[in-house]
$ cat protein_5.cif   # mmCIF, C-alpha atoms and all ligand atoms
data_my_file
loop_
_atom_site.label_atom_id
_atom_site.label_comp_id
_atom_site.auth_asym_id
_atom_site.auth_seq_id
_atom_site.Cartn_x
_atom_site.Cartn_y
_atom_site.Cartn_z
CA GLN A 198 92.34 89.08 115.87
CA GLU A 199 95.51 89.05 113.87
CA ILE A 200 94.57 91.59 111.22
CA GLU A 201 93.32 93.91 113.96
CA SER A 202 96.60 93.96 115.83
CA GLU A 203 98.51 94.23 112.57
CA LEU A 204 96.49 97.29 111.59
CA ARG A 205 97.11 98.92 114.95
CA ARG A 206 100.79 98.25 114.53
CA ALA A 207 100.70 99.66 110.99
CA VAL A 208 99.31 102.95 112.28
CA ALA A 209 101.70 103.10 115.22
CA GLN A 210 104.77 102.17 113.15
CA GLN A 211 103.79 104.46 110.29
CA GLU A 212 103.61 101.65 107.76
CA PHE A 213 100.93 103.45 105.73
CA VAL A 214 102.02 105.67 102.86
CA LEU A 215 100.17 107.63 100.24
CA HIS A 216 100.49 107.33 96.51
CA PHE A 217 99.11 110.02 94.23
CA GLN A 218 97.29 109.62 90.94
CA PRO A 219 97.38 112.71 88.69
CA GLN A 220 94.08 114.25 87.58
CA ILE A 221 94.31 115.80 84.14
CA ARG A 222 92.30 118.71 82.73
CA LEU A 223 91.22 117.44 79.34
CA ALA A 224 91.07 120.88 77.67
CA ASP A 225 94.85 121.27 77.83
CA ASP A 226 96.18 118.07 79.47
CA ALA A 227 97.46 120.04 82.47
CA VAL A 228 97.78 118.29 85.83
CA VAL A 229 95.27 120.04 88.07
CA GLY A 230 94.97 117.65 90.96
CA ALA A 231 95.76 114.31 92.51
CA GLU A 232 93.86 111.58 94.30
CA ALA A 233 95.62 110.35 97.43
CA LEU A 234 95.53 106.56 97.58
CA LEU A 235 96.56 104.56 100.60
CA ARG A 236 99.23 101.85 100.48
CA TRP A 237 100.44 99.61 103.29
CA ASN A 238 104.17 99.09 103.43
CA HIS A 239 103.90 95.73 105.18
CA PRO A 240 107.13 94.50 106.83
CA GLU A 241 106.74 90.94 105.50
CA ARG A 242 104.33 91.17 102.58
CA GLY A 243 105.70 94.30 100.90
CA LEU A 244 103.67 97.16 99.48
CA LEU A 245 99.96 96.30 99.66
CA ALA A 246 97.21 97.91 97.61
CA PRO A 247 93.90 98.78 99.30
CA ALA A 248 92.18 95.66 97.92
CA ALA A 249 94.22 93.62 100.41
CA PHE A 250 93.24 95.58 103.52
CA ILE A 251 90.78 98.45 102.98
CA ASP A 252 87.64 96.53 104.03
CA ALA A 253 89.30 95.22 107.17
CA LEU A 254 90.73 98.65 107.94
CA GLY A 255 87.42 100.41 107.31
CA HIS A 256 85.71 98.25 109.92
CA SER A 257 88.53 98.47 112.41
CA PRO A 258 89.05 100.98 115.24
CA ALA A 259 92.32 101.79 113.47
CA ALA A 260 90.32 103.42 110.65
CA ALA A 261 89.89 106.65 112.59
CA GLU A 262 93.64 107.10 113.00
CA ALA A 263 94.42 105.91 109.50
CA GLY A 264 91.89 108.45 108.23
CA GLN A 265 93.58 111.23 110.21
CA PHE A 266 96.92 110.18 108.80
CA VAL A 267 95.59 110.29 105.23
CA LEU A 268 94.09 113.76 105.70
CA ALA A 269 97.17 115.19 107.39
CA SER A 270 99.65 113.72 105.01
CA ALA A 271 97.65 114.52 101.85
CA CYS A 272 97.25 118.17 102.91
CA ALA A 273 100.93 118.42 103.83
CA ALA A 274 101.93 117.05 100.43
CA ALA A 275 99.71 119.46 98.49
CA ALA A 276 100.93 122.45 100.53
CA ASP A 277 104.51 121.38 99.82
CA TRP A 278 103.87 121.08 96.07
CA ARG A 279 102.64 124.66 96.01
CA GLU A 280 105.77 125.81 97.87
CA LYS A 281 107.91 123.95 95.37
CA GLY A 282 106.26 125.72 92.44
CA LEU A 283 104.35 122.67 91.21
CA GLY A 284 101.11 124.63 91.33
CA ALA A 285 98.05 124.93 93.55
CA LEU A 286 96.98 121.35 92.88
CA ARG A 287 93.71 120.01 94.25
CA ILE A 288 94.13 117.01 96.50
CA GLY A 289 91.39 114.37 96.65
CA VAL A 290 91.06 112.39 99.88
CA ASN A 291 88.90 109.28 100.26
CA LEU A 292 86.99 108.97 103.52
CA PHE A 293 86.04 105.95 105.59
CA PRO A 294 82.43 105.89 106.79
CA ILE A 295 83.70 105.73 110.37
CA GLN A 296 85.25 109.15 109.95
CA PHE A 297 81.74 110.57 109.88
CA HIS A 298 80.61 108.40 112.77
CA SER A 299 83.38 109.57 115.05
CA ARG A 300 82.20 113.21 114.78
CA THR A 301 85.79 114.38 114.70
CA LEU A 302 85.90 114.87 110.94
CA LEU A 303 85.48 118.64 111.11
CA ASP A 304 88.24 118.90 113.70
CA ASP A 305 90.49 116.53 111.76
CA VAL A 306 90.08 118.54 108.58
CA GLU A 307 90.63 121.83 110.38
CA GLN A 308 93.79 120.49 111.98
CA ALA A 309 95.14 119.08 108.71
CA LEU A 310 94.58 122.44 107.00
CA ALA A 311 95.99 124.50 109.86
CA ARG A 312 99.13 122.39 110.27
CA SER A 313 99.88 122.23 106.57
CA GLY A 314 98.82 125.76 105.71
CA LEU A 315 96.88 124.37 102.75
CA ASP A 316 94.10 126.53 101.30
CA ALA A 317 90.75 124.84 102.04
CA ARG A 318 89.81 125.26 98.37
CA GLN A 319 92.62 122.89 97.39
CA LEU A 320 91.12 120.05 99.44
CA GLU A 321 88.43 117.80 98.01
CA LEU A 322 86.91 114.99 100.03
CA GLU A 323 85.64 111.94 98.17
CA ILE A 324 82.53 110.26 99.45
CA THR A 325 80.72 107.19 98.19
CA GLU A 326 77.08 106.32 98.31
CA ASN A 327 77.85 103.92 101.18
CA ILE A 328 78.75 106.85 103.34
CA ALA A 329 75.77 108.75 102.07
CA LEU A 330 73.32 105.95 102.82
CA GLY A 331 74.77 105.04 106.18
CA HIS A 332 74.00 107.96 108.40
CA GLY A 333 71.23 110.32 107.33
CA ASP A 334 71.13 113.92 108.51
CA ASP A 335 74.31 113.87 110.62
CA VAL A 336 76.31 113.41 107.48
CA LEU A 337 74.45 116.18 105.71
CA ASP A 338 75.25 118.68 108.47
CA VAL A 339 78.93 117.78 108.38
CA LEU A 340 79.05 118.06 104.59
CA LYS A 341 77.40 121.48 104.70
CA ALA A 342 79.90 122.72 107.29
CA LEU A 343 82.79 121.51 105.13
CA HIS A 344 81.29 123.11 102.05
CA GLN A 345 81.00 126.48 103.81
CA GLN A 346 84.74 126.41 104.40
CA GLY A 347 85.34 126.05 100.68
CA ILE A 348 86.27 122.37 100.82
CA GLY A 349 85.20 120.41 97.75
CA LEU A 350 83.09 117.26 97.81
CA ALA A 351 83.35 114.68 95.09
CA PHE A 352 80.84 111.86 94.69
CA ASP A 353 83.07 108.84 94.06
CA ASP A 354 82.30 105.72 92.01
CA PHE A 355 79.24 107.47 90.63
CA GLY A 356 76.67 105.16 89.12
CA THR A 357 77.62 102.01 91.00
CA GLY A 358 75.64 102.45 94.22
CA TYR A 359 72.06 103.14 95.26
CA ALA A 360 69.99 106.31 95.30
CA SER A 361 72.59 108.40 93.54
CA LEU A 362 70.21 110.90 92.06
CA SER A 363 68.50 111.94 95.29
CA TYR A 364 71.91 112.51 96.87
CA LEU A 365 72.87 114.76 94.00
CA LEU A 366 70.09 117.08 95.10
CA ARG A 367 70.68 116.81 98.84
CA TYR A 368 74.42 117.14 99.18
CA PRO A 369 76.64 120.17 98.56
CA LEU A 370 78.67 118.39 95.89
CA THR A 371 81.23 120.00 93.62
CA ARG A 372 82.19 117.08 91.40
CA LEU A 373 81.11 113.68 90.13
CA LYS A 374 83.61 110.92 89.55
CA ILE A 375 82.32 108.57 86.88
CA ASP A 376 83.20 105.04 87.86
CA ARG A 377 85.72 103.27 85.67
CA SER A 378 83.32 100.42 84.94
CA PHE A 379 81.40 102.86 82.69
CA VAL A 380 84.48 104.50 81.21
CA GLN A 381 86.06 101.19 80.23
CA LYS A 382 83.63 100.54 77.37
CA ILE A 383 82.82 104.02 76.04
CA THR A 384 84.65 103.37 72.78
CA ASP A 385 83.51 99.75 72.50
CA ALA A 386 81.30 99.50 69.39
CA ALA A 387 79.72 96.37 70.81
CA ALA A 388 78.51 98.23 73.92
CA PRO A 389 77.02 101.55 72.71
CA GLU A 390 74.92 101.90 75.85
CA HIS A 391 78.08 102.60 77.86
CA ALA A 392 78.85 105.62 75.70
CA ALA A 393 75.24 106.74 76.01
CA ILE A 394 75.27 106.50 79.80
CA VAL A 395 78.52 108.43 80.16
CA GLN A 396 77.26 111.10 77.78
CA SER A 397 74.05 111.39 79.80
CA ILE A 398 75.90 111.61 83.10
CA LEU A 399 77.96 114.48 81.68
CA VAL A 400 74.87 116.40 80.53
CA MET A 401 73.08 115.85 83.83
CA ALA A 402 76.11 116.81 85.94
CA HIS A 403 76.70 119.98 83.96
CA ASN A 404 73.02 120.92 84.09
CA ILE A 405 73.12 120.87 87.90
CA GLY A 406 76.43 122.71 88.10
CA LEU A 407 78.82 119.86 88.82
CA GLU A 408 82.16 119.21 87.18
CA VAL A 409 83.09 115.68 86.20
CA VAL A 410 86.17 113.52 86.51
CA ALA A 411 86.25 110.29 84.54
CA GLU A 412 88.08 107.50 86.33
CA GLY A 413 89.99 104.61 84.83
CA VAL A 414 90.83 106.26 81.50
CA GLU A 415 93.20 103.82 79.84
CA THR A 416 93.31 104.83 76.16
CA ASP A 417 93.70 107.92 74.01
CA ARG A 418 90.36 107.15 72.35
CA GLN A 419 88.59 107.18 75.71
CA ALA A 420 90.23 110.52 76.56
CA ALA A 421 89.21 111.96 73.18
CA PHE A 422 85.62 110.77 73.61
CA LEU A 423 85.39 112.44 77.02
CA ARG A 424 87.13 115.64 75.90
CA ALA A 425 84.74 116.00 72.95
CA ARG A 426 81.78 115.79 75.31
CA GLY A 427 83.00 118.39 77.76
CA CYS A 428 84.23 116.12 80.54
CA GLU A 429 86.48 118.44 82.54
CA GLU A 430 89.01 115.99 83.92
CA ALA A 431 90.27 112.44 83.76
CA GLN A 432 92.50 110.10 85.69
CA GLY A 433 93.71 106.67 84.75
CA TYR A 434 96.56 104.55 83.48
CA HIS A 435 96.54 106.39 80.11
CA PHE A 436 97.96 109.39 81.98
CA ALA A 437 99.59 107.82 85.02
CA ARG A 438 99.16 105.13 87.63
CA PRO A 439 99.02 106.11 91.27
CA LEU A 440 102.62 107.18 91.92
CA PRO A 441 104.87 107.40 94.97
CA ARG A 442 105.26 111.01 96.04
CA ASP A 443 108.64 111.67 94.43
CA ALA A 444 107.53 110.12 91.12
CA PHE A 445 104.34 112.19 91.24
CA GLU A 446 106.36 115.37 91.72
CA ALA A 447 108.62 114.45 88.79
CA TYR A 448 105.54 113.77 86.65
CA VAL A 449 104.10 117.20 87.41
CA ALA A 450 107.43 119.00 87.01
CA ALA A 451 107.96 117.44 83.57
CA ARG A 452 104.64 118.90 82.42
CA LEU A 453 104.90 122.46 83.75
O1 LIG B 1 94.53 102.51 94.97
P1 LIG B 1 93.39 101.61 94.55
O2 LIG B 1 92.87 101.98 93.21
O3 LIG B 1 93.73 100.17 94.59
O4 LIG B 1 92.24 101.87 95.64
C1 LIG B 1 91.18 100.97 95.74
C2 LIG B 1 90.10 101.52 96.61
O5 LIG B 1 90.55 101.82 97.93
C3 LIG B 1 89.53 102.80 96.05
O6 LIG B 1 88.18 102.54 95.79
C4 LIG B 1 89.65 103.82 97.11
O7 LIG B 1 88.42 104.49 97.27
C5 LIG B 1 90.02 103.05 98.36
N1 LIG B 1 91.03 103.83 99.04
C6 LIG B 1 92.28 104.09 98.62
N2 LIG B 1 92.92 104.92 99.47
C7 LIG B 1 92.02 105.20 100.45
C8 LIG B 1 92.06 106.02 101.62
O8 LIG B 1 93.05 106.69 101.92
N3 LIG B 1 90.94 106.06 102.40
C9 LIG B 1 89.83 105.37 102.08
N4 LIG B 1 88.79 105.47 102.89
N5 LIG B 1 89.74 104.59 100.99
C10 LIG B 1 90.82 104.52 100.18
O1 LIG B 2 88.64 105.76 94.94
P1 LIG B 2 88.68 104.61 93.99
O2 LIG B 2 88.23 103.34 94.55
O3 LIG B 2 87.92 104.90 92.74
O4 LIG B 2 90.22 104.45 93.58
C1 LIG B 2 90.65 104.32 92.30
C2 LIG B 2 91.21 102.95 92.07
O5 LIG B 2 91.27 102.67 90.67
C3 LIG B 2 92.62 102.77 92.61
O6 LIG B 2 92.73 101.50 93.15
C4 LIG B 2 93.50 102.86 91.34
O7 LIG B 2 94.70 102.12 91.47
C5 LIG B 2 92.58 102.29 90.29
N1 LIG B 2 92.83 102.83 88.98
C6 LIG B 2 93.23 104.08 88.70
N2 LIG B 2 93.32 104.26 87.36
C7 LIG B 2 92.97 103.09 86.79
C8 LIG B 2 92.86 102.66 85.43
O8 LIG B 2 93.10 103.40 84.47
N3 LIG B 2 92.45 101.38 85.22
C9 LIG B 2 92.16 100.54 86.24
N4 LIG B 2 91.78 99.31 85.94
N5 LIG B 2 92.24 100.92 87.54
C10 LIG B 2 92.64 102.19 87.83
MN MN B 3 88.26 107.75 95.11
NA NA B 4 86.26 105.55 92.28
#
$ encode --input "protein_5.cif" --output "structure tokens"
Amino acid sequence: QEIESELRRAVAQQEFVLHFQPQIRLADDAVVGAEALLRWNHPERGLLAPAAFIDALGHSPAAAEAGQFVLASACAAAADWREKGLGALRIGVNLFPIQFHSRTLLDDVEQALARSGLDARQLELEITENIALGHGDDVLDVLKALHQQGIGLAFDDFGTGYASLSYLLRYPLTRLKIDRSFVQKITDAAAPEHAAIVQSILVMAHNIGLEVVAEGVETDRQAAFLRARGCEEAQGYHFARPLPRDAFEAYVAARL
């Protein structure tokens, strides 16, 4: 239908762009990574956030190509930042479930790394429990192959889906991303259970060898709470919104 042909056009006309949200190491407030976030530069409707199109895109045949674009362009950006002296930043890339289905994920990743020259250890793929639940052992084999190449795997939106804990044991994860719905209330005296849950997630993650990024950090008090409890990294409006590439580079350069 209409959205379908629009999405195909968007891929063909290169209407998709990436924004980058800084990820901050709480021990010293250094920028150590970025999450690549897709935006649609729509010819009539302007710059669209994922809420307006990501579900439609994820279920569309255009998702495979959009996913390749995101991988290629995120790796190219991170390789370029290193060249420019902005550091060997980690780049986080969100995946569509269909990227696992298509069986080309390993090839797509290999191509994105080869063309950009990015070190595999700088790339971190973000998966959600939806992806995990969808496709059983196929997914596990792909994740293991990626892990062997040194590519990181972050479990995104942790705590909001199903069966999280069993996947923690099954998958070769490197990082948990605590969903912002938990982070939002950690300093809210009226909701002490939120603080307790986040604290427990941190202990559990560290006990099984995973690092943690807290998402949606909006205040200094939230950052201080997380820092005091050993949370390695944070991202959120307190530090920076997702930024266009040039603004992201300026943000990093100002903090070197
Ligand atoms: O940028 P924003 O916070 O509005 O993103 C909303 C959601 O869209 C996030 O949950 C994120 O996982 C998803 N999203 C953003 N960019 C991408 C992308 O490049 N690929 C996939 N699969 N999902 C994305
Ligand atoms: O991958 P994921 O769906 O978690 O993507 C992160 C989403 O959260 C993006 O859409 C981004 O714009 C949004 N986001 C990032 N930081 C904050 C924040 O501090 N507060 C809120 N409310 N949203 C945020
Ligand atoms: Mn994400
Ligand atoms: Na998330």
$ residues_around --input "protein_5.cif" --residues "segment 297-308 of chain A" --least-positions-apart "4" --cutoff "12 Å" --atoms "only C-alpha atoms" --output "MDAnalysis selection string"
chainID A and resid 255:256 258:273 290 292:293 312:317 320:322 324 327:348
$ residues_near_ligand --input "protein_5.cif" --ligand "ligand MN 3 (chain B)" --cutoff "10 Å" --atoms "all atoms listed in the file" --output "ChimeraX atom specification"
/A:232-234,289-292,322-325,351-354,374,376,412
$ closest_residue --input "protein_5.cif" --among "A:Ala231, A:Ile375, A:Leu254, A:Leu286" --to "ligand NA 4 (chain B)" --atoms "all atoms listed in the file"
A:Ile375
$ residues_near_point --input "protein_5.cif" --point "(106.3, 112.3, 91.6)" --cutoff "12 Å" --atoms "all atoms listed in the file" --output "NGL selection string"
:A and (215-219 or 228 or 231 or 274-275 or 278 or 283 or 437-452)
$ closest_residue --input "protein_5.cif" --among "A:Gly427, A:Gly284, A:Pro247, A:Gly358" --to "ligand LIG 1 (chain B)" --atoms "all atoms listed in the file"
A:Pro247
$ atom_distance --input "protein_5.cif" --atom1 "atom CA of Ala249 of chain A" --atom2 "atom O3 of ligand LIG 1 (chain B)"
8.8 Å
$ residues_around --input "protein_5.cif" --residues "Leu407 of chain A" --least-positions-apart "2" --cutoff "12 Å" --atoms "only C-alpha atoms" --output "MDAnalysis selection string"
chainID A and resid 349:352 365:366 368:375 398:405 409:410 427:430
$ closest_residue --input "protein_5.cif" --among "A:Ala420, A:Glu326, A:Gly406, A:Phe436" --to "ligand NA 4 (chain B)" --atoms "only C-alpha atoms and all ligand atoms"
A:Glu326
$ closest_residue --input "protein_5.cif" --among "A:Pro294, A:Gly230, A:Gly282, A:Gly413" --to "Gln381 of chain A" --atoms "only C-alpha atoms"
A:Gly413
$ decode --input "protein_5.cif" --residues "segment 367-409 of chain A" --atoms "N, CA and C atoms" --output "mmCIF file, in the first residue's frame"
data_model
loop_
_atom_site.group_PDB
_atom_site.id
_atom_site.type_symbol
_atom_site.label_atom_id
_atom_site.label_comp_id
_atom_site.auth_asym_id
_atom_site.auth_seq_id
_atom_site.Cartn_x
_atom_site.Cartn_y
_atom_site.Cartn_z
ATOM 1 N N ARG A 367 21.779 -17.966 27.750
ATOM 2 C CA ARG A 367 21.942 -18.631 26.453
ATOM 3 C C ARG A 367 22.797 -17.846 25.476
ATOM 4 N N TYR A 368 22.687 -16.531 25.529
ATOM 5 C CA TYR A 368 23.277 -15.725 24.465
ATOM 6 C C TYR A 368 24.625 -15.155 24.860
ATOM 7 N N PRO A 369 25.521 -15.005 23.873
ATOM 8 C CA PRO A 369 26.852 -14.450 24.152
ATOM 9 C C PRO A 369 26.799 -12.926 24.272
ATOM 10 N N LEU A 370 26.153 -12.454 25.335
ATOM 11 C CA LEU A 370 25.951 -11.011 25.503
ATOM 12 C C LEU A 370 27.189 -10.353 26.106
ATOM 13 N N THR A 371 27.346 -9.064 25.800
ATOM 14 C CA THR A 371 28.413 -8.292 26.430
ATOM 15 C C THR A 371 27.863 -7.187 27.321
ATOM 16 N N ARG A 372 26.600 -6.820 27.121
ATOM 17 C CA ARG A 372 26.091 -5.640 27.811
ATOM 18 C C ARG A 372 24.578 -5.718 27.959
ATOM 19 N N LEU A 373 24.101 -5.176 29.066
ATOM 20 C CA LEU A 373 22.654 -4.988 29.258
ATOM 21 C C LEU A 373 22.346 -3.512 29.162
ATOM 22 N N LYS A 374 21.240 -3.201 28.506
ATOM 23 C CA LYS A 374 20.762 -1.820 28.491
ATOM 24 C C LYS A 374 19.487 -1.769 29.321
ATOM 25 N N ILE A 375 19.574 -1.105 30.460
ATOM 26 C CA ILE A 375 18.395 -1.016 31.330
ATOM 27 C C ILE A 375 17.403 -0.043 30.711
ATOM 28 N N ASP A 376 16.191 -0.516 30.535
ATOM 29 C CA ASP A 376 15.178 0.302 29.879
ATOM 30 C C ASP A 376 14.886 1.582 30.654
ATOM 31 N N ARG A 377 14.569 2.622 29.923
ATOM 32 C CA ARG A 377 14.387 3.927 30.574
ATOM 33 C C ARG A 377 13.164 3.984 31.477
ATOM 34 N N SER A 378 12.229 3.069 31.289
ATOM 35 C CA SER A 378 11.059 3.061 32.175
ATOM 36 C C SER A 378 11.468 2.752 33.625
ATOM 37 N N PHE A 379 12.555 2.005 33.816
ATOM 38 C CA PHE A 379 13.055 1.744 35.175
ATOM 39 C C PHE A 379 13.882 2.917 35.688
ATOM 40 N N VAL A 380 14.683 3.477 34.777
ATOM 41 C CA VAL A 380 15.614 4.538 35.163
ATOM 42 C C VAL A 380 14.870 5.802 35.603
ATOM 43 N N GLN A 381 13.763 6.049 34.918
ATOM 44 C CA GLN A 381 12.984 7.270 35.144
ATOM 45 C C GLN A 381 12.669 7.549 36.615
ATOM 46 N N LYS A 382 12.414 6.494 37.384
ATOM 47 C CA LYS A 382 11.931 6.700 38.757
ATOM 48 C C LYS A 382 12.929 6.297 39.832
ATOM 49 N N ILE A 383 14.203 6.112 39.472
ATOM 50 C CA ILE A 383 15.146 5.610 40.489
ATOM 51 C C ILE A 383 15.375 6.577 41.634
ATOM 52 N N THR A 384 15.135 7.871 41.422
ATOM 53 C CA THR A 384 15.334 8.819 42.518
ATOM 54 C C THR A 384 13.997 9.330 43.040
ATOM 55 N N ASP A 385 12.928 8.648 42.685
ATOM 56 C CA ASP A 385 11.582 9.030 43.097
ATOM 57 C C ASP A 385 11.268 8.362 44.447
ATOM 58 N N ALA A 386 11.199 9.177 45.505
ATOM 59 C CA ALA A 386 10.997 8.640 46.853
ATOM 60 C C ALA A 386 9.674 7.885 46.967
ATOM 61 N N ALA A 387 8.738 8.232 46.106
ATOM 62 C CA ALA A 387 7.433 7.577 46.156
ATOM 63 C C ALA A 387 7.428 6.219 45.451
ATOM 64 N N ALA A 388 8.551 5.875 44.776
ATOM 65 C CA ALA A 388 8.598 4.604 44.048
ATOM 66 C C ALA A 388 9.907 3.879 44.326
ATOM 67 N N PRO A 389 10.154 3.518 45.592
ATOM 68 C CA PRO A 389 11.455 2.937 45.973
ATOM 69 C C PRO A 389 11.739 1.608 45.269
ATOM 70 N N GLU A 390 10.689 0.936 44.824
ATOM 71 C CA GLU A 390 10.920 -0.357 44.163
ATOM 72 C C GLU A 390 11.663 -0.185 42.832
ATOM 73 N N HIS A 391 11.543 0.993 42.211
ATOM 74 C CA HIS A 391 12.298 1.204 40.972
ATOM 75 C C HIS A 391 13.800 1.224 41.244
ATOM 76 N N ALA A 392 14.179 1.922 42.292
ATOM 77 C CA ALA A 392 15.598 1.952 42.684
ATOM 78 C C ALA A 392 16.082 0.542 43.012
ATOM 79 N N ALA A 393 15.246 -0.206 43.722
ATOM 80 C CA ALA A 393 15.625 -1.565 44.121
ATOM 81 C C ALA A 393 15.824 -2.459 42.901
ATOM 82 N N ILE A 394 14.944 -2.338 41.925
ATOM 83 C CA ILE A 394 15.063 -3.177 40.726
ATOM 84 C C ILE A 394 16.329 -2.840 39.948
ATOM 85 N N VAL A 395 16.595 -1.553 39.781
ATOM 86 C CA VAL A 395 17.793 -1.156 39.028
ATOM 87 C C VAL A 395 19.061 -1.622 39.741
ATOM 88 N N GLN A 396 19.064 -1.452 41.051
ATOM 89 C CA GLN A 396 20.206 -1.919 41.850
ATOM 90 C C GLN A 396 20.403 -3.428 41.678
ATOM 91 N N SER A 397 19.324 -4.167 41.686
ATOM 92 C CA SER A 397 19.399 -5.623 41.545
ATOM 93 C C SER A 397 19.858 -6.036 40.147
ATOM 94 N N ILE A 398 19.389 -5.320 39.148
ATOM 95 C CA ILE A 398 19.830 -5.618 37.774
ATOM 96 C C ILE A 398 21.339 -5.420 37.670
ATOM 97 N N LEU A 399 21.843 -4.349 38.293
ATOM 98 C CA LEU A 399 23.285 -4.068 38.246
ATOM 99 C C LEU A 399 24.083 -5.194 38.903
ATOM 100 N N VAL A 400 23.641 -5.637 40.072
ATOM 101 C CA VAL A 400 24.352 -6.712 40.773
ATOM 102 C C VAL A 400 24.332 -7.984 39.933
ATOM 103 N N MET A 401 23.154 -8.324 39.431
ATOM 104 C CA MET A 401 23.030 -9.547 38.637
ATOM 105 C C MET A 401 23.909 -9.477 37.390
ATOM 106 N N ALA A 402 23.827 -8.373 36.665
ATOM 107 C CA ALA A 402 24.612 -8.229 35.428
ATOM 108 C C ALA A 402 26.097 -8.380 35.734
ATOM 109 N N HIS A 403 26.559 -7.688 36.751
ATOM 110 C CA HIS A 403 27.985 -7.746 37.080
ATOM 111 C C HIS A 403 28.402 -9.144 37.522
ATOM 112 N N ASN A 404 27.522 -9.830 38.229
ATOM 113 C CA ASN A 404 27.841 -11.188 38.687
ATOM 114 C C ASN A 404 27.956 -12.185 37.545
ATOM 115 N N ILE A 405 27.326 -11.901 36.412
ATOM 116 C CA ILE A 405 27.480 -12.810 35.262
ATOM 117 C C ILE A 405 28.376 -12.196 34.186
ATOM 118 N N GLY A 406 29.112 -11.150 34.562
ATOM 119 C CA GLY A 406 30.150 -10.637 33.664
ATOM 120 C C GLY A 406 29.687 -9.683 32.588
ATOM 121 N N LEU A 407 28.528 -9.070 32.781
ATOM 122 C CA LEU A 407 28.034 -8.116 31.789
ATOM 123 C C LEU A 407 28.194 -6.687 32.282
ATOM 124 N N GLU A 408 28.519 -5.798 31.362
ATOM 125 C CA GLU A 408 28.492 -4.375 31.683
ATOM 126 C C GLU A 408 27.089 -3.847 31.450
ATOM 127 N N VAL A 409 26.825 -2.670 32.006
ATOM 128 C CA VAL A 409 25.467 -2.124 31.949
ATOM 129 C C VAL A 409 25.480 -0.685 31.435
#
